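Peer 1: Below is the structure I would like to discuss, written out as structure tokens.
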Amino acid sequence: MSSNHTLFQRACELLPGGVNSPVRAFKSVGGEPFFTARADGPYLWDIEGNRYVDYVGSWGPMIAGHNHPMVRAAVERAIGNGLSFGTPCAAEVMMAEAITRLMPSIEMLRMVNSGTEATMAAVRLARGATHRDIVVKFEGGYHGVGDSFLVKAGSGALTFGVPSSPGVPKALADLTLTLPYNDADAARVLFAARGDRIACVIVEPIAGNMNCIPPHAGFLEALRELCSAHGAILIFDEVMTGFRVAPGGAQQLYGITPDLTTLGKIIGGGMPVGAYGGRRDLMQQIAPAGPIYQAGTLSGNPVAMAAGLAMLELVAKPDFHAGLARSTTALCEGLEEAARAAGVPFTTNHVPGMFGLFFSAGPVRSFSDATTCDTTAFRRFFHAMLARGVYFAPSAFEAGFISSAHGDAEIEATLDAARAAFHQIATATS
Ligand code: KE4
């Protein structure tokens, strides 16, 4: 069997950076990525047999842990009936019923195959429905790789220090305006100046791509009021937060009703799935019901629907999110205590199921706060923990994820490793 290194060498010959998605390449933490051979519960094993407590969870989907028996059984049953039909199937209807039941702001929806497809379609719908062109996003916000979003994106592009990607036409980038996240006054100023030309505001209701930064009180409410007052569409990008931070996502947690919501990750249970939906008067404008075009060969794939339906059944169980909240709090408070004991400036942000680690005294409440954290210390911590069998996101600008499969044993093992890692960092910098 190849080693991680030799497989990475082969990968680099054929895949840009040796990966199929940039953040996996460990570019911002240094070193080479490991290759996962299998996953189960809270663990990953690489091809050399090393086991890791996994706090990435495939970047969000694995909220019930890897290889959950209910999800696996649902997929095995679906596979027995065929992999893809290209016709309507009952599972698509059941998925639509499950999502609209959990997220009542979604009166109607369309399944797609990734979060990017969902956000691109939602923006096209907002532009088509309002006959306006301007899209407002937030610095550090990431909405996938649609051209209109790679303007000061906050995920891979930020990690590489390239605030916008080559290949995005200037004429198109000019139609995306970027505001500071959590700055309601800046939004008010922009709307006062251009409100009648703004098609939509797209926002991560909890920022997860500039690391984890929750909304300030009043921020989301201000966006809701401004969009309503100026006839713009409010899009909550809940690809990451949907069904993670609460059964009904961030919109339930904060009590805000967006006009459109984009989803992904968890609703696929690990399979490639996205969705966009919201007000019926808007969604009825999507082809073939209306003139705004969007399509996808594998949209509503029966196997992916089966995986997603099983996952949504799990997250809808009573106390599922209360359990996530408890373990997220235990992890973050334990890490802060371990850093304090070692004298390392460190703080966390956390919401149920999702957290951010910052090498800064804190608080970290904005994109600029996040960019002034000590990324060298993060890099050292990342590798010190990896060497001790704990895998955090390989970037100082990504959120961490915990699952219902992470029990006390995994949290304790993580905190044991962290006490040693923080001590290692403290002595390295002194
Ligand atoms: P995908 O196209 O990668 O399925 O979804 C794009 C997307 C849209 N909106 C939000 C809020 C997202 O977080 C994402 C994707 N998240 C990244 C992690 N920060 C996926 C990891 C990756 O790019 O490999």
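In the structure tokens, each chain is lettered A, B, ... as it comes, each chain's residues begin at 1, and ligands are numbered from 1 in order of appearance.
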Can you list, as a count of residues only, every protein, DNA or RNA residue that comes within 7 Å of range 309-322 of chain A when you count only C-alpha atoms, leaving out same-chain residues fewer than 5 positions away?
Peer 2: 11
Peer 1: Each residue of range 332-372 of chain A with at least one atom at most 10 Å from range 134-150 of chain A should appear once, together with its nearest atom pair and the corresponding distance in Å (one decimal); atoms considered: only C-alpha atoms; ordering: chain, then increasing residue number; output as a tab-separated table.
Peer 2:
```
residue	atom	partner	partner_atom	distance
A:Ser366	CA	A:Gly140	CA	8.9
A:Phe367	CA	A:Gly140	CA	5.9
A:Ser368	CA	A:Gly140	CA	9.0
A:Ala370	CA	A:Gly140	CA	9.3
A:Thr371	CA	A:Gly140	CA	9.5
```
Peer 1: Go through chain A and flag each residue having an atom no more than 9 Å from ligand 1; for those, report the closest pair of atoms plus their distance in Å to one decimal, using only C-alpha atoms and all ligand atoms, ordered by chain and rising number, as a tab-separated table.
Peer 2:
```
residue	atom	partner	partner_atom_place_in_ligand_line	distance
A:Asn20	CA	ligand 1	24 (O)	7.9
A:Ser21	CA	ligand 1	24 (O)	4.7
A:Pro22	CA	ligand 1	24 (O)	6.3
A:Val23	CA	ligand 1	24 (O)	5.5
A:Arg24	CA	ligand 1	24 (O)	6.4
A:Ser58	CA	ligand 1	21 (C)	7.8
A:Trp59	CA	ligand 1	21 (C)	5.5
A:Gly60	CA	ligand 1	18 (C)	7.8
A:Asn113	CA	ligand 1	4 (O)	7.5
A:Ser114	CA	ligand 1	4 (O)	3.9
A:Gly115	CA	ligand 1	5 (O)	3.4
A:Thr116	CA	ligand 1	2 (O)	3.6
A:Glu117	CA	ligand 1	2 (O)	6.5
A:Ala118	CA	ligand 1	8 (C)	7.9
A:Thr119	CA	ligand 1	8 (C)	6.7
A:Gly141	CA	ligand 1	11 (C)	7.4
A:Tyr142	CA	ligand 1	10 (C)	5.5
A:His143	CA	ligand 1	9 (N)	3.7
A:Gly144	CA	ligand 1	6 (C)	3.6
A:Val145	CA	ligand 1	2 (O)	6.7
A:Gly146	CA	ligand 1	2 (O)	8.7
A:Gly154	CA	ligand 1	19 (N)	8.3
A:Ser155	CA	ligand 1	19 (N)	5.4
A:Gly156	CA	ligand 1	23 (O)	6.6
A:Val203	CA	ligand 1	11 (C)	8.3
A:Glu204	CA	ligand 1	11 (C)	5.8
A:Pro205	CA	ligand 1	11 (C)	8.9
A:Ile206	CA	ligand 1	11 (C)	8.7
A:Ala207	CA	ligand 1	11 (C)	7.5
A:Gly208	CA	ligand 1	13 (O)	6.3
A:Asn209	CA	ligand 1	19 (N)	5.0
A:Met210	CA	ligand 1	19 (N)	8.5
A:Asn211	CA	ligand 1	19 (N)	8.5
A:Asp237	CA	ligand 1	11 (C)	5.6
A:Glu238	CA	ligand 1	11 (C)	6.0
A:Val239	CA	ligand 1	10 (C)	4.8
A:Met240	CA	ligand 1	11 (C)	5.0
A:Thr241	CA	ligand 1	11 (C)	7.5
A:Thr262	CA	ligand 1	9 (N)	7.7
A:Leu263	CA	ligand 1	9 (N)	7.8
A:Gly264	CA	ligand 1	4 (O)	6.0
A:Lys265	CA	ligand 1	4 (O)	6.5
A:Pro272	CA	ligand 1	4 (O)	7.3
A:Val273	CA	ligand 1	4 (O)	7.3
A:Gly274	CA	ligand 1	4 (O)	6.8
A:Phe397	CA	ligand 1	19 (N)	8.3
A:Glu398	CA	ligand 1	19 (N)	5.8
A:Ala399	CA	ligand 1	19 (N)	7.2
```
Peer 1: Pick out the residues sitting within 9 Å of Ala129 in chain A, and hand them over as a list in words; count only C-alpha atoms, and ignore anything fewer than 6 positions along from it in its own chain.
Peer 2: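 The neighbour list is Ala199, Ile233, Leu282, Gln285 and Ile292 of chain A.
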Peer 1: Would you kindly return, as number ranges by chain, each protein, DNA or RNA residue with an atom no farther than 10 Å from any atom of Pro88 in chain A, considering only C-alpha atoms and excluding same-chain residues fewer than 3 positions away?
Peer 2: A: 85, 91-93, 299-302
Peer 1: If you keep all heavy atoms, can you produce a file of those selected residues as an mmCIF file, in the first residue's frame?
Peer 2:
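Output file again-v6.cif is given in full below:
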```
data_model
loop_
_atom_site.group_PDB
_atom_site.id
_atom_site.type_symbol
_atom_site.label_atom_id
_atom_site.label_comp_id
_atom_site.auth_asym_id
_atom_site.auth_seq_id
_atom_site.Cartn_x
_atom_site.Cartn_y
_atom_site.Cartn_z
ATOM 1 N N PHE A 85 -32.109 7.862 -12.104
ATOM 2 C CA PHE A 85 -33.188 7.606 -13.062
ATOM 3 C C PHE A 85 -33.346 8.744 -14.075
ATOM 4 O O PHE A 85 -33.777 8.520 -15.203
ATOM 5 C CB PHE A 85 -34.528 7.420 -12.329
ATOM 6 C CG PHE A 85 -34.467 6.440 -11.186
ATOM 7 C CD1 PHE A 85 -35.025 6.738 -9.957
ATOM 8 C CD2 PHE A 85 -33.832 5.218 -11.340
ATOM 9 C CE1 PHE A 85 -34.969 5.835 -8.890
ATOM 10 C CE2 PHE A 85 -33.762 4.301 -10.300
ATOM 11 C CZ PHE A 85 -34.334 4.623 -9.069
ATOM 12 N N ALA A 91 -38.516 9.870 -3.587
ATOM 13 C CA ALA A 91 -37.577 10.368 -2.558
ATOM 14 C C ALA A 91 -37.383 11.882 -2.658
ATOM 15 O O ALA A 91 -37.165 12.560 -1.659
ATOM 16 C CB ALA A 91 -36.239 9.649 -2.708
ATOM 17 N N GLU A 92 -37.477 12.424 -3.872
ATOM 18 C CA GLU A 92 -37.325 13.889 -4.028
ATOM 19 C C GLU A 92 -38.468 14.628 -3.335
ATOM 20 O O GLU A 92 -38.279 15.664 -2.715
ATOM 21 C CB GLU A 92 -37.340 14.252 -5.525
ATOM 22 C CG GLU A 92 -36.175 13.770 -6.328
ATOM 23 C CD GLU A 92 -36.423 13.936 -7.832
ATOM 24 O OE1 GLU A 92 -37.238 13.176 -8.378
ATOM 25 O OE2 GLU A 92 -35.810 14.826 -8.421
ATOM 26 N N VAL A 93 -39.673 14.045 -3.441
ATOM 27 C CA VAL A 93 -40.846 14.670 -2.821
ATOM 28 C C VAL A 93 -40.730 14.569 -1.300
ATOM 29 O O VAL A 93 -40.959 15.536 -0.568
ATOM 30 C CB VAL A 93 -42.154 14.008 -3.315
ATOM 31 C CG1 VAL A 93 -43.360 14.683 -2.698
ATOM 32 C CG2 VAL A 93 -42.214 14.045 -4.832
ATOM 33 N N SER A 299 -29.751 16.176 -10.187
ATOM 34 C CA SER A 299 -30.522 16.812 -9.107
ATOM 35 C C SER A 299 -31.611 15.873 -8.624
ATOM 36 O O SER A 299 -32.329 15.283 -9.436
ATOM 37 C CB SER A 299 -31.146 18.115 -9.623
ATOM 38 O OG SER A 299 -30.129 19.005 -10.014
ATOM 39 N N GLY A 300 -31.718 15.702 -7.278
ATOM 40 C CA GLY A 300 -32.727 14.807 -6.726
ATOM 41 C C GLY A 300 -32.367 13.342 -6.880
ATOM 42 O O GLY A 300 -33.215 12.463 -6.777
ATOM 43 N N ASN A 301 -31.073 13.075 -7.066
ATOM 44 C CA ASN A 301 -30.624 11.680 -7.221
ATOM 45 C C ASN A 301 -31.173 10.794 -6.102
ATOM 46 O O ASN A 301 -31.068 11.148 -4.925
ATOM 47 C CB ASN A 301 -29.086 11.666 -7.211
ATOM 48 C CG ASN A 301 -28.536 10.254 -7.186
ATOM 49 O OD1 ASN A 301 -28.396 9.669 -6.113
ATOM 50 N ND2 ASN A 301 -28.268 9.720 -8.365
ATOM 51 N N PRO A 302 -31.754 9.637 -6.437
ATOM 52 C CA PRO A 302 -32.434 8.819 -5.419
ATOM 53 C C PRO A 302 -31.542 8.322 -4.306
ATOM 54 O O PRO A 302 -31.961 8.245 -3.150
ATOM 55 C CB PRO A 302 -33.006 7.648 -6.234
ATOM 56 C CG PRO A 302 -32.270 7.639 -7.528
ATOM 57 C CD PRO A 302 -31.887 9.061 -7.791
#
```
